[in-house]
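Okay, query.txt is below, compact mmCIF, C-alpha atoms:
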```txt
# COMPACT_ATOMS: atom_id res chain seq x y z
CA MET A 1 69.00 87.10 90.29
CA LEU A 2 67.69 84.08 88.35
CA ARG A 3 69.77 82.44 85.65
CA ILE A 4 68.44 79.48 83.70
CA GLU A 5 70.99 77.78 81.46
CA ASN A 6 70.00 75.21 78.84
CA LEU A 7 67.25 73.75 81.03
CA THR A 8 65.81 70.46 79.82
CA LYS A 9 63.10 68.49 81.62
CA ARG A 10 61.71 65.22 80.27
CA TYR A 11 58.62 63.19 81.05
CA GLY A 12 59.46 59.86 79.48
CA GLU A 13 60.37 60.55 75.87
CA LYS A 14 58.70 63.95 75.84
CA LYS A 15 60.72 67.10 76.47
CA ALA A 16 58.41 69.35 78.48
CA VAL A 17 61.19 71.97 78.59
CA ASP A 18 63.77 71.92 75.83
CA GLY A 19 67.02 73.88 76.19
CA VAL A 20 65.54 76.97 77.86
CA SER A 21 67.96 79.76 78.84
CA LEU A 22 66.82 82.96 80.57
CA HIS A 23 68.39 85.63 82.76
CA ILE A 24 66.25 87.69 85.13
CA GLN A 25 68.23 90.51 86.69
CA LYS A 26 67.71 92.45 89.92
CA GLY A 27 64.94 95.02 89.61
CA GLU A 28 63.23 93.27 86.69
CA ILE A 29 59.67 92.04 86.30
CA PHE A 30 59.91 89.21 83.78
CA GLY A 31 56.79 87.76 82.15
CA PHE A 32 56.59 84.18 80.91
CA ILE A 33 53.77 83.40 78.49
CA GLY A 34 52.57 80.49 76.43
CA HIS A 35 49.59 78.20 75.85
CA ASN A 36 48.56 75.57 78.40
CA GLY A 37 51.07 72.74 78.19
CA ALA A 38 53.79 74.92 76.67
CA GLY A 39 56.20 74.31 79.56
CA LYS A 40 55.65 77.35 81.78
CA THR A 41 54.68 75.60 85.02
CA THR A 42 57.34 72.92 84.60
CA THR A 43 60.01 75.61 84.15
CA ILE A 44 58.74 77.47 87.20
CA LYS A 45 58.74 74.32 89.36
CA ASN A 46 62.28 73.56 88.22
CA CYS A 47 63.35 77.05 89.31
CA CYS A 48 61.80 76.54 92.75
CA GLY A 49 63.40 73.16 93.31
CA ILE A 50 60.06 71.35 93.26
CA LEU A 51 60.98 69.29 90.19
CA GLY A 52 64.35 67.89 89.23
CA PHE A 53 65.69 68.21 85.69
CA GLU A 54 67.95 66.20 83.41
CA GLU A 55 70.10 68.84 81.75
CA GLY A 56 71.22 72.41 82.33
CA GLU A 57 71.54 74.50 85.46
CA ILE A 58 69.55 77.05 87.43
CA TYR A 59 71.11 79.70 89.66
CA VAL A 60 69.28 81.83 92.23
CA ASP A 61 71.34 84.82 93.35
CA GLY A 62 74.40 83.00 92.03
CA ILE A 63 73.64 79.75 93.89
CA SER A 64 73.00 76.46 92.09
CA ILE A 65 69.55 74.99 92.76
CA LYS A 66 71.07 71.53 92.29
CA LYS A 67 74.02 71.99 94.66
CA ASP A 68 72.36 74.03 97.40
CA PRO A 69 68.55 73.93 97.05
CA ARG A 70 67.98 75.01 100.64
CA ALA A 71 69.94 78.26 100.21
CA CYS A 72 68.07 78.96 96.98
CA LYS A 73 64.67 78.34 98.54
CA ALA A 74 65.52 80.71 101.40
CA ARG A 75 65.77 83.49 98.80
CA ILE A 76 62.62 82.56 96.88
CA ALA A 77 58.90 83.06 97.34
CA TYR A 78 56.73 80.80 95.18
CA ILE A 79 53.03 81.33 94.55
CA PRO A 80 51.33 78.54 92.55
CA ASP A 81 48.26 79.11 90.43
CA ASN A 82 46.10 77.20 92.93
CA PRO A 83 47.50 77.68 96.46
CA ASP A 84 47.28 74.48 98.50
CA LEU A 85 47.12 75.86 102.03
CA TYR A 86 46.65 74.01 105.31
CA GLY A 87 42.91 74.26 105.77
CA PHE A 88 42.97 73.08 109.38
CA MET A 89 44.89 76.23 110.34
CA SER A 90 43.54 79.72 110.77
CA GLY A 91 44.99 82.44 108.56
CA ILE A 92 47.19 83.82 111.34
CA GLN A 93 48.42 80.35 112.30
CA TYR A 94 49.44 79.70 108.71
CA LEU A 95 51.30 83.01 108.42
CA ASN A 96 53.15 82.37 111.67
CA PHE A 97 54.01 78.88 110.47
CA ILE A 98 55.55 80.28 107.28
CA ALA A 99 57.38 82.94 109.29
CA ASP A 100 58.78 80.17 111.52
CA VAL A 101 59.98 78.22 108.47
CA PHE A 102 61.93 81.25 107.24
CA GLY A 103 63.13 82.31 110.69
CA VAL A 104 61.42 85.70 110.68
CA GLU A 105 61.77 87.41 114.08
CA ALA A 106 58.53 87.93 116.04
CA THR A 107 58.37 91.73 115.95
CA VAL A 108 59.24 91.85 112.26
CA ARG A 109 56.64 89.27 111.30
CA GLN A 110 53.94 91.06 113.28
CA GLU A 111 54.65 94.30 111.45
CA ARG A 112 54.61 92.62 108.05
CA ILE A 113 51.48 90.59 108.72
CA LYS A 114 49.69 93.72 109.90
CA LYS A 115 50.82 95.70 106.86
CA TYR A 116 49.91 93.11 104.23
CA ALA A 117 46.69 91.94 105.89
CA GLU A 118 45.46 95.54 105.87
CA THR A 119 46.58 95.94 102.26
CA PHE A 120 44.54 92.94 101.12
CA GLY A 121 41.62 93.36 103.52
CA LEU A 122 42.18 90.14 105.45
CA THR A 123 42.70 91.57 108.94
CA ASP A 124 39.21 90.66 110.14
CA VAL A 125 39.36 87.04 108.92
CA LEU A 126 42.86 85.98 110.00
CA ALA A 127 41.43 84.22 113.06
CA GLN A 128 39.06 82.16 110.91
CA PRO A 129 39.95 78.70 109.53
CA ILE A 130 41.36 78.71 106.00
CA THR A 131 38.65 76.21 104.98
CA SER A 132 36.16 79.09 105.30
CA TYR A 133 38.10 81.28 102.84
CA SER A 134 37.02 81.88 99.26
CA HIS A 135 39.51 81.17 96.45
CA GLY A 136 40.36 84.87 96.25
CA MET A 137 40.99 85.07 100.00
CA LYS A 138 43.27 82.02 99.83
CA GLN A 139 45.17 83.66 96.98
CA LYS A 140 45.64 86.81 99.07
CA LEU A 141 46.82 84.77 102.06
CA ALA A 142 49.32 82.99 99.83
CA VAL A 143 50.64 86.36 98.63
CA ILE A 144 51.04 87.60 102.22
CA SER A 145 52.84 84.40 103.22
CA ALA A 146 55.21 84.84 100.27
CA LEU A 147 56.13 88.36 101.35
CA ILE A 148 56.76 87.68 105.04
CA HIS A 149 60.47 86.89 104.64
CA GLU A 150 61.07 89.64 102.04
CA PRO A 151 62.29 87.30 99.29
CA LYS A 152 64.92 88.34 96.80
CA LEU A 153 63.11 86.49 94.02
CA MET A 154 59.37 86.02 93.66
CA ILE A 155 58.25 83.28 91.28
CA MET A 156 54.54 83.12 90.49
CA ASP A 157 52.31 80.97 88.32
CA GLU A 158 49.25 82.95 87.19
CA PRO A 159 49.31 85.27 90.24
CA PHE A 160 46.26 87.33 89.23
CA VAL A 161 43.84 84.40 89.03
CA GLY A 162 41.14 84.82 91.67
CA LEU A 163 42.12 88.36 92.64
CA ASP A 164 39.52 91.11 92.42
CA PRO A 165 40.51 94.33 90.58
CA LYS A 166 41.54 96.14 93.77
CA ALA A 167 43.68 93.23 94.97
CA ALA A 168 45.23 92.86 91.51
CA HIS A 169 46.20 96.53 91.58
CA GLN A 170 47.72 96.14 95.04
CA MET A 171 49.59 93.07 93.85
CA LYS A 172 51.16 95.08 91.03
CA GLU A 173 52.22 97.79 93.48
CA LEU A 174 53.86 95.21 95.74
CA MET A 175 55.67 93.72 92.76
CA HIS A 176 57.12 97.13 91.94
CA GLU A 177 58.09 97.65 95.60
CA LEU A 178 59.97 94.35 95.71
CA CYS A 179 61.90 95.22 92.56
CA ALA A 180 62.68 98.70 93.88
CA ARG A 181 64.36 96.99 96.87
CA GLY A 182 66.63 95.10 94.47
CA GLY A 183 64.51 91.97 94.11
CA ALA A 184 63.22 90.37 90.92
CA ILE A 185 59.99 88.75 89.73
CA PHE A 186 59.46 85.88 87.29
CA PHE A 187 55.82 85.04 86.60
CA SER A 188 53.60 83.32 84.10
CA THR A 189 50.30 84.76 82.97
CA HIS A 190 47.59 84.43 80.36
CA VAL A 191 46.53 88.04 80.93
CA LEU A 192 48.57 89.57 78.14
CA ASP A 193 47.47 93.18 78.56
CA VAL A 194 48.63 93.06 82.19
CA ALA A 195 51.96 91.57 81.14
CA GLU A 196 52.41 94.23 78.48
CA LYS A 197 51.91 97.07 80.96
CA LEU A 198 53.75 95.48 83.88
CA CYS A 199 56.78 93.62 82.55
CA ASP A 200 60.24 94.91 81.72
CA LYS A 201 61.02 91.75 79.75
CA VAL A 202 59.04 88.84 78.40
CA ALA A 203 59.62 85.34 77.05
CA ILE A 204 57.23 83.35 74.87
CA ILE A 205 57.44 79.55 75.07
CA LYS A 206 55.90 76.99 72.72
CA ASP A 207 56.21 73.20 72.96
CA GLY A 208 58.94 73.56 75.56
CA LYS A 209 61.12 75.89 73.48
CA LEU A 210 61.58 79.64 73.69
CA ILE A 211 60.47 81.35 70.52
CA LYS A 212 60.84 84.99 71.55
CA VAL A 213 62.72 86.74 74.38
CA GLY A 214 63.55 90.37 75.00
CA THR A 215 62.44 93.66 76.44
CA MET A 216 58.76 94.39 76.04
CA ASP A 217 59.47 96.90 73.27
CA GLU A 218 61.74 94.45 71.46
CA VAL A 219 59.16 91.68 71.57
CA LYS A 220 56.01 93.60 70.68
CA GLY A 221 57.46 96.32 68.44
CA ASP A 222 54.73 98.61 67.08
CA THR A 223 51.91 96.16 67.74
CA SER A 224 50.50 94.58 70.92
CA LEU A 225 51.87 91.66 72.90
CA GLU A 226 48.63 89.81 72.19
CA ASN A 227 49.10 90.15 68.44
CA VAL A 228 52.71 88.99 68.61
CA PHE A 229 51.77 86.05 70.79
CA LEU A 230 48.98 84.91 68.49
CA GLU A 231 51.18 85.21 65.41
CA LEU A 232 54.00 83.19 66.98
CA VAL A 233 52.10 80.36 68.63
CA GLU A 234 49.42 79.61 66.03
```
What would you get if you wrote out this structure as structure tokens?
Amino acid sequence: MLRIENLTKRYGEKKAVDGVSLHIQKGEIFGFIGHNGAGKTTTIKNCCGILGFEEGEIYVDGISIKKDPRACKARIAYIPDNPDLYGFMSGIQYLNFIADVFGVEATVRQERIKKYAETFGLTDVLAQPITSYSHGMKQKLAVISALIHEPKLMIMDEPFVGLDPKAAHQMKELMHELCARGGAIFFSTHVLDVAEKLCDKVAIIKDGKLIKVGTMDEVKGDTSLENVFLELVE
């Protein structure tokens, strides 16, 4: 579903991402971990077509992000760590705007908005302006907007930041549902115990380079993901 081949991204002389290769298959939840500045967000933005890159290639569902970025983006949902939503809109206006962008038919979007708004407890505030929302409410709205077009690939940067325990649990359930439909998830997180329980595979990045990749059992062995991470990145 997502194939990253020898990805290299430079900022001046510095390689923020250095020869990264990963393959996220259908049905997989793939965790991406590393310290701040390790290259996680840059990699994620490259995969979404937000940033260009100097070397390598990225394929979404077999399509090159360089050659056909629009087709790739139609298959992706991206949730940044700090959603920058249009505050002048109400919640429902924003969701309808996103549905328009992805060409989601009216009846279908109404069903999905109703379902996900009830799931995250936003039904009663959708008519209110987004400027009145708390950070957690904005995060939930961003999640709903990402699910409206039923993406094949969900890419998320710290998706659990700002979510209360109930919403975080619901988020995990929705991630499993998406993968059960044949989708895939690639996400970064600092919450290592969540990653350990949730992910099928994991990659650890340090200074732009991958230092460990594999199934969760392969990476952590008989210890915890936290212990492995601390041993590798210190």
List every residue of region 20-77 of chain A that has an atom at most 7 Å from any atom of region 174-179 of chain A, and for each one report the closest atom pair and its distance in Å to one decimal, counting only C-alpha atoms, with rows sorted by chain and then by increasing residue number, as a tab-separated table.
```
residue	atom	partner	partner_atom	distance
A:Lys26	CA	A:Cys179	CA	7.0
A:Gly27	CA	A:Cys179	CA	4.2
A:Glu28	CA	A:Cys179	CA	6.3
```
Take the residues just selected and output them with C-alpha atoms as a short mmCIF file (atom, residue, chain, number, x, y, z; two decimals), in the frame of the given file.
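Below you can see result-v6.cif, which holds the result:
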```
data_model
loop_
_atom_site.label_atom_id
_atom_site.label_comp_id
_atom_site.auth_asym_id
_atom_site.auth_seq_id
_atom_site.Cartn_x
_atom_site.Cartn_y
_atom_site.Cartn_z
CA LYS A 26 67.71 92.45 89.92
CA GLY A 27 64.94 95.02 89.61
CA GLU A 28 63.23 93.27 86.69
#
```
request  = Can you pull out every residue within 9 Å of Glu226 (chain A), counting all atoms listed in the file, but drop anything in the same chain fewer than 4 positions away, and send it as an MDAnalysis selection string?
outcome  = chainID A and resid 192:193 196 220 230:231
Keeping only C-alpha atoms, write those residues as a PDB file, keeping the file's coordinate frame.
```pdb
ATOM      1  CA  LEU A 192      48.570  89.570  78.140  1.00  0.00           C
ATOM      2  CA  ASP A 193      47.470  93.180  78.560  1.00  0.00           C
ATOM      3  CA  GLU A 196      52.410  94.230  78.480  1.00  0.00           C
ATOM      4  CA  LYS A 220      56.010  93.600  70.680  1.00  0.00           C
ATOM      5  CA  LEU A 230      48.980  84.910  68.490  1.00  0.00           C
ATOM      6  CA  GLU A 231      51.180  85.210  65.410  1.00  0.00           C
TER       7      GLU A 231
END
```
ask   = For the point (59.3, 92.9, 84.2) in file coordinates, what residues are within 10 Å, counting all atoms listed in the file? Give the answer as a list in words?
value = Ile24, Gln25, Gly27, Glu28, Ile29, Phe30, Gly31, Phe32, Met175, His176, Cys179, Ala184, Ile185, Phe186, Phe187, Ala195, Glu196, Lys197, Leu198, Cys199, Asp200, Lys201, Val202, Thr215 and Met216 of chain A
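Between Lys40 (chain A) and the residues A:Thr189, A:Ser90, A:Thr123, A:Asn82, the shortest atom-to-atom distance, using only C-alpha atoms, involves A:Thr189.
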task = Extract, using only C-alpha atoms, all DNA, RNA and protein residues at most 12 Å from Asn6 (chain A), discarding same-chain residues fewer than 6 positions from it, and format them as a PyMOL selection string.
result = chain A and resi 17-23+43+53-59+208-210
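Distance annotation: of A:Gln170, A:Ala77, A:Glu105, A:Met154, the residue with the minimal separation from Gly121 (chain A) is A:Gln170; atom set is all atoms listed in the file.
CA of Ser134 (chain A) is found 15.9 Å from CA of Ile92 (chain A).
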Show me a table, sorted first by chain and then by increasing residue number, of the residues of region 11-106 of chain A having an atom at most 9 Å from region 135-138 of chain A, each with its shortest atom pair and the distance in Å to one decimal, counting all atoms listed in the file and written as JSON lines.
```
{"residue": "A:Asn82", "atom": "CA", "partner": "A:His135", "partner_atom": "CA", "distance": 8.5}
{"residue": "A:Pro83", "atom": "CA", "partner": "A:Lys138", "partner_atom": "CA", "distance": 6.9}
{"residue": "A:Asp84", "atom": "CA", "partner": "A:Lys138", "partner_atom": "CA", "distance": 8.6}
{"residue": "A:Leu85", "atom": "CA", "partner": "A:Lys138", "partner_atom": "CA", "distance": 7.6}
{"residue": "A:Gly91", "atom": "CA", "partner": "A:Lys138", "partner_atom": "CA", "distance": 8.9}
```
Residue subset to file, keeping C-alpha atoms, as a PDB file, in the coordinates of the input:
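again30.pdb written:
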```pdb
ATOM      1  CA  ASN A  82      46.100  77.200  92.930  1.00  0.00           C
ATOM      2  CA  PRO A  83      47.500  77.680  96.460  1.00  0.00           C
ATOM      3  CA  ASP A  84      47.280  74.480  98.500  1.00  0.00           C
ATOM      4  CA  LEU A  85      47.120  75.860 102.030  1.00  0.00           C
ATOM      5  CA  GLY A  91      44.990  82.440 108.560  1.00  0.00           C
TER       6      GLY A  91
END
```
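Here CA of Cys72 (chain A) is placed at a distance of 9.5 Å from CA of Leu153 (chain A).
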ask   = What does the distance between CA of Ile76 (chain A) and CA of Gly162 (chain A) come to in Å, to one decimal place?
value = 22.2 Å
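Among the candidates A:Ile148, A:Val143, A:Ile65, A:Leu51, the one nearest to Ile98 (chain A) when counting all atoms listed in the file is A:Ile148.
In terms of minimum interatomic distance to Phe160 (chain A), A:Asp81 ranks closest within A:Asp100, A:Glu13, A:Asp61, A:Asp81, counting all atoms listed in the file.
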key: Minimum-distance residue to Phe229 (chain A), chosen among A:Gly214, A:Ala142, A:Ala203, A:Phe88 (using all atoms listed in the file)   = A:Ala203
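Taking all atoms listed in the file into account, Val191 (chain A) lies nearest to A:His35 out of the set A:Arg70, A:Arg10, A:His35, A:Lys206.
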Counting all atoms listed in the file, which residues in region 55-99 of chain A sit no more than 6 Å from region 155-159 of chain A? For each one, give the nearest pair of atoms and the distance in Å, sorted by chain then residue number, as a Markdown table.
```
| residue | atom | partner | partner_atom | distance |
| --- | --- | --- | --- | --- |
| A:Tyr78 | CA | A:Ile155 | CA | 4.9 |
| A:Ile79 | CA | A:Met156 | CA | 4.7 |
| A:Pro80 | CA | A:Asp157 | CA | 5.0 |
| A:Asp81 | CA | A:Asp157 | CA | 4.9 |
```
inquiry  = I'd like the neighbourhood of Val228 (chain A) as a ChimeraX atom specification, where a residue qualifies if any of its atoms comes within 10 Å (using all atoms listed in the file), though same-chain residues fewer than 5 positions away should be ignored.
reply    = /A:204,212,219-223,233
message = List the spatial neighbours of Phe97 (chain A) as a ChimeraX atom specification - criterion: any atom at most 12 Å away, all atoms listed in the file, same-chain residues fewer than 2 positions off excluded.
response = /A:85-86,89-95,99-104,106,109,145-146,148-149
